[in-house]
file work-v8.cif (mmCIF, C-alpha atoms)
data_model
loop_
_atom_site.label_atom_id
_atom_site.label_comp_id
_atom_site.auth_asym_id
_atom_site.auth_seq_id
_atom_site.Cartn_x
_atom_site.Cartn_y
_atom_site.Cartn_z
CA MET C 1 -167.29 -144.85 -43.49
CA GLY C 2 -169.60 -146.95 -45.62
CA LYS C 3 -168.88 -147.84 -49.20
CA ARG C 4 -170.39 -145.54 -51.80
CA THR C 5 -172.46 -147.01 -54.62
CA ILE C 6 -174.19 -145.40 -57.60
CA ILE C 7 -177.70 -146.74 -58.17
CA PRO C 8 -179.62 -145.77 -61.34
CA PHE C 9 -183.19 -144.73 -60.53
CA GLY C 10 -185.42 -144.56 -63.63
CA PRO C 11 -186.20 -143.70 -66.35
CA GLN C 12 -188.37 -146.83 -66.07
CA HIS C 13 -189.45 -147.54 -62.52
CA PRO C 14 -192.66 -149.01 -61.04
CA VAL C 15 -193.29 -145.89 -58.95
CA LEU C 16 -192.55 -143.26 -61.60
CA PRO C 17 -195.35 -141.93 -63.82
CA GLU C 18 -192.77 -140.13 -65.98
CA PRO C 19 -189.32 -141.11 -67.33
CA VAL C 20 -187.15 -139.16 -64.90
CA HIS C 21 -183.64 -140.59 -64.48
CA LEU C 22 -181.48 -140.09 -61.40
CA ASP C 23 -178.05 -141.43 -60.53
CA LEU C 24 -178.25 -141.90 -56.77
CA VAL C 25 -174.94 -141.90 -54.91
CA ILE C 26 -175.60 -144.14 -51.90
CA GLU C 27 -173.60 -144.58 -48.71
CA ASP C 28 -175.08 -147.43 -46.68
CA GLU C 29 -178.82 -146.64 -46.93
CA LYS C 30 -178.45 -142.86 -47.24
CA VAL C 31 -178.50 -140.82 -50.43
CA VAL C 32 -175.38 -138.65 -50.58
CA GLU C 33 -176.11 -137.06 -53.95
CA ALA C 34 -178.74 -137.24 -56.68
CA ILE C 35 -177.66 -136.43 -60.24
CA PRO C 36 -180.55 -135.96 -62.71
CA SER C 37 -180.26 -136.82 -66.40
CA ILE C 38 -182.63 -135.30 -68.94
CA GLY C 39 -183.44 -135.57 -72.62
CA PHE C 40 -184.97 -139.04 -72.89
CA ILE C 41 -188.18 -137.81 -74.55
CA HIS C 42 -187.20 -134.49 -76.11
CA ARG C 43 -189.48 -133.91 -79.11
CA GLY C 44 -188.55 -130.49 -80.49
CA LEU C 45 -192.08 -129.13 -80.23
CA GLU C 46 -191.01 -125.49 -79.90
CA LYS C 47 -189.18 -125.70 -83.24
CA LEU C 48 -192.46 -126.46 -85.00
CA VAL C 49 -193.52 -122.79 -84.82
CA GLU C 50 -191.47 -122.38 -88.00
CA LYS C 51 -193.77 -124.79 -89.85
CA LYS C 52 -197.18 -124.36 -88.20
CA GLU C 53 -199.27 -121.21 -88.52
CA TYR C 54 -199.78 -119.41 -85.22
CA THR C 55 -203.49 -120.28 -85.26
CA GLU C 56 -202.66 -123.99 -85.67
CA MET C 57 -199.76 -124.12 -83.23
CA VAL C 58 -202.13 -124.36 -80.27
CA TYR C 59 -202.82 -128.00 -81.24
CA VAL C 60 -199.09 -128.74 -80.95
CA ILE C 61 -198.62 -126.84 -77.69
CA GLU C 62 -201.47 -128.79 -76.06
CA ARG C 63 -199.50 -131.95 -76.74
CA ILE C 64 -196.59 -130.84 -74.58
CA CYS C 65 -198.35 -132.79 -71.83
CA GLY C 66 -201.59 -134.74 -71.60
CA ILE C 67 -202.34 -133.83 -67.99
CA CYS C 68 -201.60 -130.10 -68.40
CA SER C 69 -202.92 -129.87 -71.98
CA PHE C 70 -205.63 -127.29 -71.39
CA GLY C 71 -203.32 -124.99 -69.46
CA HIS C 72 -200.70 -125.16 -72.20
CA GLY C 73 -203.34 -124.22 -74.77
CA TRP C 74 -204.49 -121.30 -72.64
CA GLY C 75 -200.91 -120.17 -71.98
CA TYR C 76 -199.98 -120.19 -75.67
CA CYS C 77 -203.15 -118.38 -76.74
CA GLY C 78 -202.67 -115.84 -73.96
CA ALA C 79 -199.11 -115.06 -75.10
CA VAL C 80 -200.17 -114.66 -78.75
CA GLU C 81 -203.20 -112.56 -77.77
CA ASN C 82 -200.98 -110.26 -75.71
CA ALA C 83 -198.57 -109.92 -78.63
CA MET C 84 -201.43 -108.98 -80.96
CA GLY C 85 -203.23 -106.75 -78.47
CA ILE C 86 -206.36 -108.93 -78.44
CA GLN C 87 -208.83 -108.75 -75.55
CA ILE C 88 -211.00 -111.87 -75.42
CA PRO C 89 -214.67 -111.72 -74.25
CA GLU C 90 -215.42 -112.08 -70.54
CA ARG C 91 -217.43 -115.26 -71.11
CA ALA C 92 -214.49 -116.89 -72.89
CA GLU C 93 -212.19 -115.93 -70.00
CA ALA C 94 -214.65 -117.38 -67.46
CA MET C 95 -215.00 -120.63 -69.43
CA ARG C 96 -211.22 -120.96 -69.66
CA THR C 97 -211.08 -120.57 -65.88
CA ILE C 98 -213.67 -123.31 -65.33
CA TRP C 99 -211.93 -125.75 -67.68
CA HIS C 100 -208.58 -124.97 -66.11
CA GLU C 101 -209.88 -125.73 -62.62
CA LEU C 102 -211.44 -128.96 -63.87
CA SER C 103 -208.00 -129.84 -65.25
CA ARG C 104 -206.49 -129.08 -61.84
CA LEU C 105 -209.03 -131.38 -60.22
CA HIS C 106 -208.25 -134.30 -62.49
CA SER C 107 -204.50 -133.67 -62.20
CA HIS C 108 -204.53 -133.59 -58.39
CA LEU C 109 -206.75 -136.68 -58.14
CA LEU C 110 -204.46 -138.50 -60.56
CA TRP C 111 -201.47 -137.48 -58.43
CA LEU C 112 -203.11 -138.61 -55.19
CA GLY C 113 -203.70 -142.01 -56.76
CA LEU C 114 -200.08 -142.25 -57.86
CA LEU C 115 -198.92 -141.27 -54.37
CA ALA C 116 -201.10 -143.99 -52.84
CA ASP C 117 -199.68 -146.49 -55.32
CA GLY C 118 -196.18 -145.32 -54.40
CA PHE C 119 -196.54 -146.39 -50.79
CA GLY C 120 -198.48 -149.56 -51.66
CA PHE C 121 -202.06 -148.48 -50.85
CA ASP C 122 -203.61 -149.93 -54.02
CA SER C 123 -207.25 -149.68 -52.98
CA LEU C 124 -206.79 -145.96 -52.24
CA PHE C 125 -205.15 -145.57 -55.63
CA MET C 126 -208.15 -147.13 -57.39
CA HIS C 127 -210.67 -144.99 -55.51
CA CYS C 128 -208.80 -141.78 -56.44
CA TRP C 129 -208.87 -142.70 -60.10
CA ARG C 130 -212.50 -143.84 -59.87
CA ILE C 131 -213.54 -140.38 -58.70
CA ARG C 132 -211.30 -138.76 -61.31
CA GLU C 133 -213.39 -140.43 -64.02
CA THR C 134 -216.28 -138.11 -63.16
CA ILE C 135 -214.06 -135.09 -63.87
CA LEU C 136 -212.89 -136.60 -67.16
CA ASP C 137 -216.51 -137.29 -68.13
CA ILE C 138 -217.37 -133.62 -67.55
CA LEU C 139 -214.40 -132.52 -69.65
CA GLU C 140 -215.37 -134.90 -72.43
CA GLU C 141 -218.99 -133.71 -72.44
CA THR C 142 -218.01 -130.02 -72.57
CA THR C 143 -214.93 -130.11 -74.82
CA GLY C 144 -215.15 -133.38 -76.72
CA GLY C 145 -211.90 -134.80 -75.35
CA ARG C 146 -210.62 -136.51 -72.22
CA VAL C 147 -206.89 -135.81 -72.68
CA ILE C 148 -206.43 -133.26 -75.47
CA PHE C 149 -209.32 -130.77 -75.48
CA SER C 150 -208.55 -128.41 -78.40
CA VAL C 151 -211.12 -125.93 -77.12
CA CYS C 152 -208.84 -122.90 -76.75
CA LYS C 153 -208.12 -120.74 -79.78
CA VAL C 154 -206.41 -117.42 -80.37
CA GLY C 155 -209.21 -114.94 -79.73
CA GLY C 156 -211.34 -117.00 -77.34
CA ILE C 157 -212.77 -120.53 -77.22
CA ARG C 158 -214.24 -122.88 -79.83
CA LYS C 159 -217.25 -124.14 -77.87
CA ASP C 160 -219.78 -122.64 -75.51
CA VAL C 161 -221.59 -124.43 -72.70
CA ASP C 162 -225.19 -123.71 -71.78
CA ASN C 163 -225.66 -121.99 -68.41
CA ASP C 164 -228.07 -124.68 -67.19
CA TYR C 165 -225.53 -127.35 -68.08
CA LEU C 166 -222.86 -125.44 -66.14
CA LYS C 167 -225.12 -125.57 -63.07
CA GLY C 168 -225.39 -129.32 -63.61
CA ILE C 169 -221.59 -129.56 -63.53
CA VAL C 170 -221.56 -127.90 -60.12
CA GLU C 171 -224.15 -130.41 -58.89
CA LYS C 172 -221.98 -133.30 -60.14
CA LEU C 173 -218.96 -131.88 -58.32
CA HIS C 174 -220.92 -131.54 -55.08
CA ALA C 175 -222.12 -135.14 -55.53
CA ILE C 176 -218.54 -136.46 -55.44
CA GLU C 177 -217.31 -134.02 -52.79
CA ASP C 178 -218.13 -136.37 -49.90
CA ASP C 179 -216.25 -139.21 -51.61
CA ILE C 180 -213.24 -136.95 -52.09
CA ARG C 181 -213.39 -135.88 -48.44
CA SER C 182 -213.43 -139.52 -47.31
CA LEU C 183 -210.38 -140.28 -49.44
CA THR C 184 -208.42 -137.24 -48.39
CA THR C 185 -209.13 -137.99 -44.73
CA VAL C 186 -207.12 -141.18 -45.18
CA PHE C 187 -204.18 -139.25 -46.63
CA MET C 188 -204.29 -136.72 -43.80
CA ASN C 189 -205.01 -138.97 -40.80
CA ASP C 190 -203.99 -142.58 -41.50
CA THR C 191 -200.99 -143.51 -39.37
CA SER C 192 -199.26 -145.63 -42.01
CA VAL C 193 -199.59 -142.85 -44.59
CA LYS C 194 -198.29 -140.20 -42.21
CA ASN C 195 -195.30 -142.40 -41.36
CA ARG C 196 -194.29 -142.31 -45.04
CA LEU C 197 -194.86 -138.56 -45.50
CA CYS C 198 -194.31 -136.61 -42.28
CA GLY C 199 -190.80 -135.24 -41.86
CA VAL C 200 -189.67 -136.68 -45.20
CA GLY C 201 -188.10 -134.47 -47.86
CA VAL C 202 -188.16 -131.28 -45.81
CA LEU C 203 -187.53 -128.08 -47.78
CA SER C 204 -187.32 -124.91 -45.70
CA LYS C 205 -188.77 -121.59 -46.84
CA GLU C 206 -185.29 -120.16 -47.33
CA GLU C 207 -184.21 -123.14 -49.45
CA ALA C 208 -187.40 -122.98 -51.49
CA LEU C 209 -186.78 -119.29 -52.20
CA ASP C 210 -183.11 -119.82 -53.08
CA LEU C 211 -183.98 -122.68 -55.46
CA CYS C 212 -186.89 -120.77 -57.06
CA THR C 213 -189.52 -123.44 -56.46
CA VAL C 214 -193.04 -122.96 -57.77
CA GLY C 215 -196.53 -124.36 -57.25
CA PRO C 216 -197.49 -126.65 -54.36
CA MET C 217 -193.77 -127.20 -53.72
CA ALA C 218 -193.33 -123.52 -52.85
CA ARG C 219 -196.64 -123.14 -51.04
CA ALA C 220 -195.94 -126.20 -48.85
CA SER C 221 -192.79 -124.40 -47.63
CA GLY C 222 -194.63 -121.23 -46.64
CA ILE C 223 -194.25 -119.18 -49.84
CA GLU C 224 -197.45 -117.47 -50.97
CA LEU C 225 -196.68 -117.84 -54.67
CA ASP C 226 -199.57 -118.55 -57.04
CA MET C 227 -199.97 -117.06 -60.52
CA ARG C 228 -203.74 -117.09 -60.08
CA VAL C 229 -203.45 -114.17 -57.65
CA GLY C 230 -202.59 -111.84 -60.54
CA THR C 231 -205.01 -113.33 -63.07
CA PRO C 232 -208.09 -111.08 -63.55
CA SER C 233 -210.58 -113.94 -63.86
CA TYR C 234 -209.38 -115.36 -60.51
CA GLN C 235 -209.27 -111.98 -58.80
CA LYS C 236 -213.00 -111.65 -59.51
CA LEU C 237 -213.56 -114.93 -57.66
CA GLY C 238 -211.69 -113.77 -54.54
CA PHE C 239 -208.90 -116.32 -54.88
CA GLU C 240 -206.39 -116.81 -52.05
CA PRO C 241 -203.52 -119.34 -52.21
CA ILE C 242 -203.38 -122.33 -49.86
CA VAL C 243 -200.14 -122.35 -47.86
CA ARG C 244 -198.49 -124.73 -45.38
CA THR C 245 -195.26 -124.20 -43.47
CA GLU C 246 -193.92 -127.71 -42.70
CA GLY C 247 -192.17 -128.08 -46.08
CA ASP C 248 -192.27 -131.91 -46.07
CA CYS C 249 -194.03 -134.50 -48.23
CA TYR C 250 -197.07 -134.37 -45.95
CA ALA C 251 -197.40 -130.59 -46.45
CA ARG C 252 -197.15 -130.92 -50.24
CA CYS C 253 -199.91 -133.51 -50.11
CA ALA C 254 -202.03 -131.28 -47.86
CA VAL C 255 -201.68 -128.28 -50.19
CA ARG C 256 -202.93 -130.28 -53.17
CA ILE C 257 -205.83 -131.70 -51.16
CA GLY C 258 -206.82 -128.20 -50.10
CA GLU C 259 -206.66 -127.08 -53.73
CA ILE C 260 -209.06 -129.84 -54.76
CA PHE C 261 -211.85 -128.40 -52.60
CA GLN C 262 -210.81 -124.87 -53.51
CA SER C 263 -211.17 -125.68 -57.22
CA ILE C 264 -214.73 -126.90 -56.65
CA GLU C 265 -215.53 -123.60 -54.91
CA LEU C 266 -213.92 -121.57 -57.70
CA ILE C 267 -215.91 -123.43 -60.36
CA GLU C 268 -219.14 -122.84 -58.42
CA LYS C 269 -218.40 -119.10 -58.11
CA ALA C 270 -217.46 -118.84 -61.79
CA VAL C 271 -220.73 -120.50 -62.81
CA GLU C 272 -222.76 -118.21 -60.55
CA GLU C 273 -221.08 -115.11 -62.03
CA MET C 274 -220.93 -116.37 -65.62
CA PRO C 275 -221.46 -113.39 -67.97
CA ASP C 276 -223.46 -113.63 -71.17
CA GLY C 277 -222.06 -112.62 -74.51
CA PRO C 278 -219.77 -113.87 -77.30
CA ILE C 279 -217.07 -116.48 -76.80
CA GLU C 280 -214.54 -115.22 -79.35
CA VAL C 281 -213.36 -112.18 -81.26
CA ALA C 282 -212.25 -112.05 -84.88
CA VAL C 283 -208.50 -112.45 -85.28
CA LYS C 284 -206.97 -110.75 -88.29
CA GLY C 285 -203.40 -110.14 -89.37
CA ASN C 286 -200.12 -111.64 -88.27
CA VAL C 287 -198.09 -111.60 -85.07
CA GLU C 288 -195.53 -108.80 -85.23
CA GLY C 289 -194.69 -108.11 -81.61
CA GLU C 290 -193.62 -110.26 -78.70
CA ALA C 291 -195.28 -110.94 -75.38
CA THR C 292 -195.38 -113.23 -72.37
CA PHE C 293 -198.14 -114.89 -70.38
CA ARG C 294 -198.06 -116.48 -66.93
CA LEU C 295 -200.38 -119.24 -65.77
CA GLU C 296 -200.67 -121.42 -62.68
CA GLN C 297 -200.62 -125.01 -63.89
CA PRO C 298 -201.56 -127.81 -61.43
CA ARG C 299 -197.83 -128.39 -60.82
CA GLY C 300 -196.96 -124.69 -60.51
CA GLY C 301 -196.37 -121.49 -62.40
CA ALA C 302 -195.73 -121.76 -66.14
CA PHE C 303 -194.32 -119.02 -68.36
CA TYR C 304 -195.11 -118.61 -72.06
CA TYR C 305 -193.28 -116.44 -74.59
CA ALA C 306 -194.32 -115.76 -78.18
CA LYS C 307 -192.49 -113.63 -80.73
CA GLY C 308 -193.56 -112.79 -84.27
CA PHE C 309 -191.32 -111.80 -87.15
CA GLU C 310 -190.52 -108.10 -87.49
CA LYS C 311 -192.51 -107.75 -90.72
CA GLY C 312 -195.21 -110.12 -89.57
CA THR C 313 -196.02 -113.53 -91.07
CA LYS C 314 -198.46 -116.34 -90.33
CA PHE C 315 -195.63 -118.11 -88.46
CA LEU C 316 -193.97 -117.22 -85.16
CA GLU C 317 -190.25 -116.59 -85.01
CA ARG C 318 -189.96 -117.99 -81.48
CA MET C 319 -192.12 -119.81 -78.96
CA ARG C 320 -190.86 -120.70 -75.51
CA VAL C 321 -192.47 -122.48 -72.56
CA ARG C 322 -190.99 -122.66 -69.08
CA THR C 323 -192.74 -125.41 -67.16
CA PRO C 324 -193.04 -125.88 -63.36
CA THR C 325 -191.19 -129.21 -63.17
CA ASN C 326 -188.20 -127.57 -64.81
CA MET C 327 -188.10 -125.16 -61.85
CA ASN C 328 -188.67 -127.81 -59.16
CA ILE C 329 -186.02 -130.36 -60.16
CA PRO C 330 -183.18 -128.46 -58.36
CA ALA C 331 -185.24 -128.51 -55.14
CA MET C 332 -185.91 -132.22 -55.62
CA THR C 333 -182.19 -133.02 -55.84
CA LYS C 334 -181.64 -130.92 -52.71
CA MET C 335 -184.33 -132.83 -50.77
CA LEU C 336 -182.88 -136.18 -51.84
CA GLN C 337 -179.51 -135.42 -50.25
CA GLY C 338 -179.38 -137.19 -46.91
CA CYS C 339 -182.68 -139.06 -47.24
CA ASP C 340 -183.15 -142.81 -46.83
CA LEU C 341 -183.09 -144.81 -50.05
CA ALA C 342 -186.62 -146.05 -49.27
CA ASP C 343 -187.91 -142.45 -49.23
CA VAL C 344 -186.65 -141.55 -52.72
CA PRO C 345 -189.92 -142.52 -54.49
CA MET C 346 -191.99 -140.42 -52.07
CA ILE C 347 -189.84 -137.32 -52.51
CA VAL C 348 -189.79 -137.63 -56.29
CA LEU C 349 -193.57 -138.15 -56.42
CA THR C 350 -194.38 -135.18 -54.20
CA ILE C 351 -192.99 -132.69 -56.73
CA ASP C 352 -195.48 -134.27 -59.17
CA PRO C 353 -192.87 -134.49 -61.92
CA CYS C 354 -193.92 -133.99 -65.53
CA ILE C 355 -190.90 -134.79 -67.66
CA SER C 356 -193.00 -134.55 -70.81
CA CYS C 357 -193.57 -130.87 -69.97
CA THR C 358 -189.89 -130.34 -69.20
CA GLU C 359 -188.49 -132.04 -72.30
CA ARG C 360 -190.27 -130.44 -75.22
#

call {"tool": "encode", "arguments": {"input": "work-v8.cif", "output": "structure tokens"}}
result
Amino acid sequence: MGKRTIIPFGPQHPVLPEPVHLDLVIEDEKVVEAIPSIGFIHRGLEKLVEKKEYTEMVYVIERICGICSFGHGWGYCGAVENAMGIQIPERAEAMRTIWHELSRLHSHLLWLGLLADGFGFDSLFMHCWRIRETILDILEETTGGRVIFSVCKVGGIRKDVDNDYLKGIVEKLHAIEDDIRSLTTVFMNDTSVKNRLCGVGVLSKEEALDLCTVGPMARASGIELDMRVGTPSYQKLGFEPIVRTEGDCYARCAVRIGEIFQSIELIEKAVEEMPDGPIEVAVKGNVEGEATFRLEQPRGGAFYYAKGFEKGTKFLERMRVRTPTNMNIPAMTKMLQGCDLADVPMIVLTIDPCISCTER
């Protein structure tokens, strides 16, 4: 029997985009156990509902994570709107859907670049981020921001976008589609890439169900779980989740690549069917009830809970966010058991960890 050693992995590591920390119990070159440690960047954001009015809290919630910022804003507003019984206009719902899919595009392209960097393919990394700049430019032109957008509000959205300009966005996306296809062909077909991804970090469908995985992690293991299926704005667009059955790092990469092209199609359909009308409704009174809202973030399903005081005030009594990385960490530790030490970065990267989301 080989000698067991504990190797600290993170929170600062060249491969990691986020400060995740793992104590890896190693026997020879195999990982016997992975013990996660959390709390390095806890910021107490949920506690701020006691000091920020519910209409202002959306600015705080967006700062849970820079990559998922729009989705967090939508999720918070959706929970508060449900608690207050507010129905936002159809145009506002459609615009939220478009911005959310643009956020998914830039998140997945960012992740593909980080994955390429993880296995040493630096030129591929740079090309992924080069294309991502086009998505960020569109977000900046339509919302005013590249990281924090502040365009969602309780009752609708703060800015409208002209229909002709929306058609121009679709043209820009089609213009970069060939570049994206060339890049993703490398991820799917290059022998050196497949050697690093195929058969690595396998998570069976049964294990994924038992460990309650969400997002591309679940769908890569054959589980048809996507919060967009039950979202009215996506149902109108005929959305169907992308699913693989292999359950390895390659499958998780393939699911995200498929979702990139799917997001472009969803944006095009949303623009074609964009309704006219107002972008917000008047919001009066305080939050007295409680409600939840579910949303499919780029990393997986997120759950939002908002509760007002019994007598109603301008502050919330409780605000809670359950993020996808929080759900996928148990599956990550399971996949690390028995893997080669050299494969640890790949497995960690393929859950697309967002520790900022997890530690609020």

call {"tool": "residues_around", "arguments": {"input": "work-v8.cif", "residues": "Gly289 in chain C", "least_positions_apart": "2", "cutoff": "7 Å", "atoms": "only C-alpha atoms", "output": "PyMOL selection string"}}
result
chain C and resi 83-84+287+291+307-308

call {"tool": "residues_around", "arguments": {"input": "work-v8.cif", "residues": "range 30-47 of chain C", "least_positions_apart": "6", "cutoff": "6 Å", "atoms": "all atoms listed in the file", "output": "number ranges by chain"}}
result
C: 21-24, 319, 333, 337-341, 359-360

call {"tool": "resolve_selection", "arguments": {"input": "work-v8.cif", "expression": "the PyMOL selection byres ((chain C and resi 28) around 8)", "output": "list in words"}}
result
Gly2, Lys3, Arg4, Ile26, Glu27, Glu29 and Lys30 of chain C

call {"tool": "write_last_selection", "arguments": {"input": "work-v8.cif", "atoms": "C-alpha atoms", "output": "compact mmCIF listing (two decimals), in the coordinates of the input"}}
result
# COMPACT_ATOMS: atom_id res chain seq x y z
CA GLY C 2 -169.60 -146.95 -45.62
CA LYS C 3 -168.88 -147.84 -49.20
CA ARG C 4 -170.39 -145.54 -51.80
CA ILE C 26 -175.60 -144.14 -51.90
CA GLU C 27 -173.60 -144.58 -48.71
CA GLU C 29 -178.82 -146.64 -46.93
CA LYS C 30 -178.45 -142.86 -47.24

call {"tool": "closest_residue", "arguments": {"input": "work-v8.cif", "among": "C:Asp178, C:Glu288, C:Asp276, C:Glu101", "to": "Val161 in chain C", "atoms": "all atoms listed in the file"}}
result
C:Asp276

call {"tool": "atom_distance", "arguments": {"input": "work-v8.cif", "atom1": "CA of Lys153 in chain C", "atom2": "CA of Glu280 in chain C"}}
result
8.5 Å

call {"tool": "atom_distance", "arguments": {"input": "work-v8.cif", "atom1": "CA of Tyr165 in chain C", "atom2": "CA of Glu268 in chain C"}}
result
12.4 Å

call {"tool": "resolve_selection", "arguments": {"input": "work-v8.cif", "expression": "the PyMOL selection byres ((chain C and resi 182-185) around 9)", "output": "PyMOL selection string"}}
result
chain C and resi 112+124+127-128+177-181+186-190+254+257

call {"tool": "closest_residue", "arguments": {"input": "work-v8.cif", "among": "C:Glu140, C:Glu90, C:Glu265, C:Glu246", "to": "Ile157 in chain C", "atoms": "all atoms listed in the file"}}
result
C:Glu90

call {"tool": "decode", "arguments": {"input": "work-v8.cif", "residues": "range 105-124 of chain C", "atoms": "N, CA and C atoms", "output": "PDB file, in the first residue's frame"}}
result
ATOM      1  N   LEU C 105     -24.408  32.976 -22.882  1.00  0.00           N
ATOM      2  CA  LEU C 105     -23.390  32.923 -23.931  1.00  0.00           C
ATOM      3  C   LEU C 105     -22.034  33.360 -23.408  1.00  0.00           C
ATOM      4  N   HIS C 106     -22.008  34.501 -22.727  1.00  0.00           N
ATOM      5  CA  HIS C 106     -20.702  35.002 -22.277  1.00  0.00           C
ATOM      6  C   HIS C 106     -20.144  34.134 -21.160  1.00  0.00           C
ATOM      7  N   SER C 107     -21.015  33.527 -20.341  1.00  0.00           N
ATOM      8  CA  SER C 107     -20.551  32.634 -19.289  1.00  0.00           C
ATOM      9  C   SER C 107     -19.950  31.354 -19.868  1.00  0.00           C
ATOM     10  N   HIS C 108     -20.628  30.749 -20.842  1.00  0.00           N
ATOM     11  CA  HIS C 108     -20.132  29.509 -21.430  1.00  0.00           C
ATOM     12  C   HIS C 108     -18.845  29.744 -22.226  1.00  0.00           C
ATOM     13  N   LEU C 109     -18.758  30.870 -22.945  1.00  0.00           N
ATOM     14  CA  LEU C 109     -17.522  31.160 -23.681  1.00  0.00           C
ATOM     15  C   LEU C 109     -16.373  31.432 -22.725  1.00  0.00           C
ATOM     16  N   LEU C 110     -16.651  32.115 -21.630  1.00  0.00           N
ATOM     17  CA  LEU C 110     -15.630  32.318 -20.602  1.00  0.00           C
ATOM     18  C   LEU C 110     -15.156  30.974 -20.074  1.00  0.00           C
ATOM     19  N   TRP C 111     -16.118  30.074 -19.778  1.00  0.00           N
ATOM     20  CA  TRP C 111     -15.756  28.767 -19.231  1.00  0.00           C
ATOM     21  C   TRP C 111     -14.939  27.942 -20.222  1.00  0.00           C
ATOM     22  N   LEU C 112     -15.319  27.974 -21.503  1.00  0.00           N
ATOM     23  CA  LEU C 112     -14.551  27.229 -22.497  1.00  0.00           C
ATOM     24  C   LEU C 112     -13.109  27.716 -22.545  1.00  0.00           C
ATOM     25  N   GLY C 113     -12.926  29.032 -22.435  1.00  0.00           N
ATOM     26  CA  GLY C 113     -11.572  29.571 -22.406  1.00  0.00           C
ATOM     27  C   GLY C 113     -10.797  29.090 -21.193  1.00  0.00           C
ATOM     28  N   LEU C 114     -11.440  29.077 -20.038  1.00  0.00           N
ATOM     29  CA  LEU C 114     -10.781  28.604 -18.827  1.00  0.00           C
ATOM     30  C   LEU C 114     -10.442  27.123 -18.920  1.00  0.00           C
ATOM     31  N   LEU C 115     -11.332  26.338 -19.546  1.00  0.00           N
ATOM     32  CA  LEU C 115     -11.052  24.914 -19.729  1.00  0.00           C
ATOM     33  C   LEU C 115      -9.838  24.725 -20.625  1.00  0.00           C
ATOM     34  N   ALA C 116      -9.780  25.484 -21.727  1.00  0.00           N
ATOM     35  CA  ALA C 116      -8.621  25.403 -22.627  1.00  0.00           C
ATOM     36  C   ALA C 116      -7.341  25.777 -21.897  1.00  0.00           C
ATOM     37  N   ASP C 117      -7.411  26.820 -21.079  1.00  0.00           N
ATOM     38  CA  ASP C 117      -6.247  27.226 -20.289  1.00  0.00           C
ATOM     39  C   ASP C 117      -5.857  26.135 -19.300  1.00  0.00           C
ATOM     40  N   GLY C 118      -6.850  25.415 -18.783  1.00  0.00           N
ATOM     41  CA  GLY C 118      -6.578  24.364 -17.809  1.00  0.00           C
ATOM     42  C   GLY C 118      -5.758  23.227 -18.363  1.00  0.00           C
ATOM     43  N   PHE C 119      -5.981  22.880 -19.648  1.00  0.00           N
ATOM     44  CA  PHE C 119      -5.130  21.825 -20.216  1.00  0.00           C
ATOM     45  C   PHE C 119      -4.039  22.378 -21.124  1.00  0.00           C
ATOM     46  N   GLY C 120      -3.727  23.677 -20.985  1.00  0.00           N
ATOM     47  CA  GLY C 120      -2.543  24.252 -21.613  1.00  0.00           C
ATOM     48  C   GLY C 120      -2.701  24.684 -23.048  1.00  0.00           C
ATOM     49  N   PHE C 121      -3.934  24.853 -23.530  1.00  0.00           N
ATOM     50  CA  PHE C 121      -4.184  25.253 -24.923  1.00  0.00           C
ATOM     51  C   PHE C 121      -4.425  26.766 -24.924  1.00  0.00           C
ATOM     52  N   ASP C 122      -3.357  27.542 -24.790  1.00  0.00           N
ATOM     53  CA  ASP C 122      -3.494  28.985 -24.565  1.00  0.00           C
ATOM     54  C   ASP C 122      -4.082  29.728 -25.755  1.00  0.00           C
ATOM     55  N   SER C 123      -3.746  29.318 -26.968  1.00  0.00           N
ATOM     56  CA  SER C 123      -4.301  30.017 -28.130  1.00  0.00           C
ATOM     57  C   SER C 123      -5.811  29.820 -28.210  1.00  0.00           C
ATOM     58  N   LEU C 124      -6.289  28.627 -27.858  1.00  0.00           N
ATOM     59  CA  LEU C 124      -7.730  28.355 -27.831  1.00  0.00           C
ATOM     60  C   LEU C 124      -8.408  29.202 -26.760  1.00  0.00           C
TER      61      LEU C 124
END
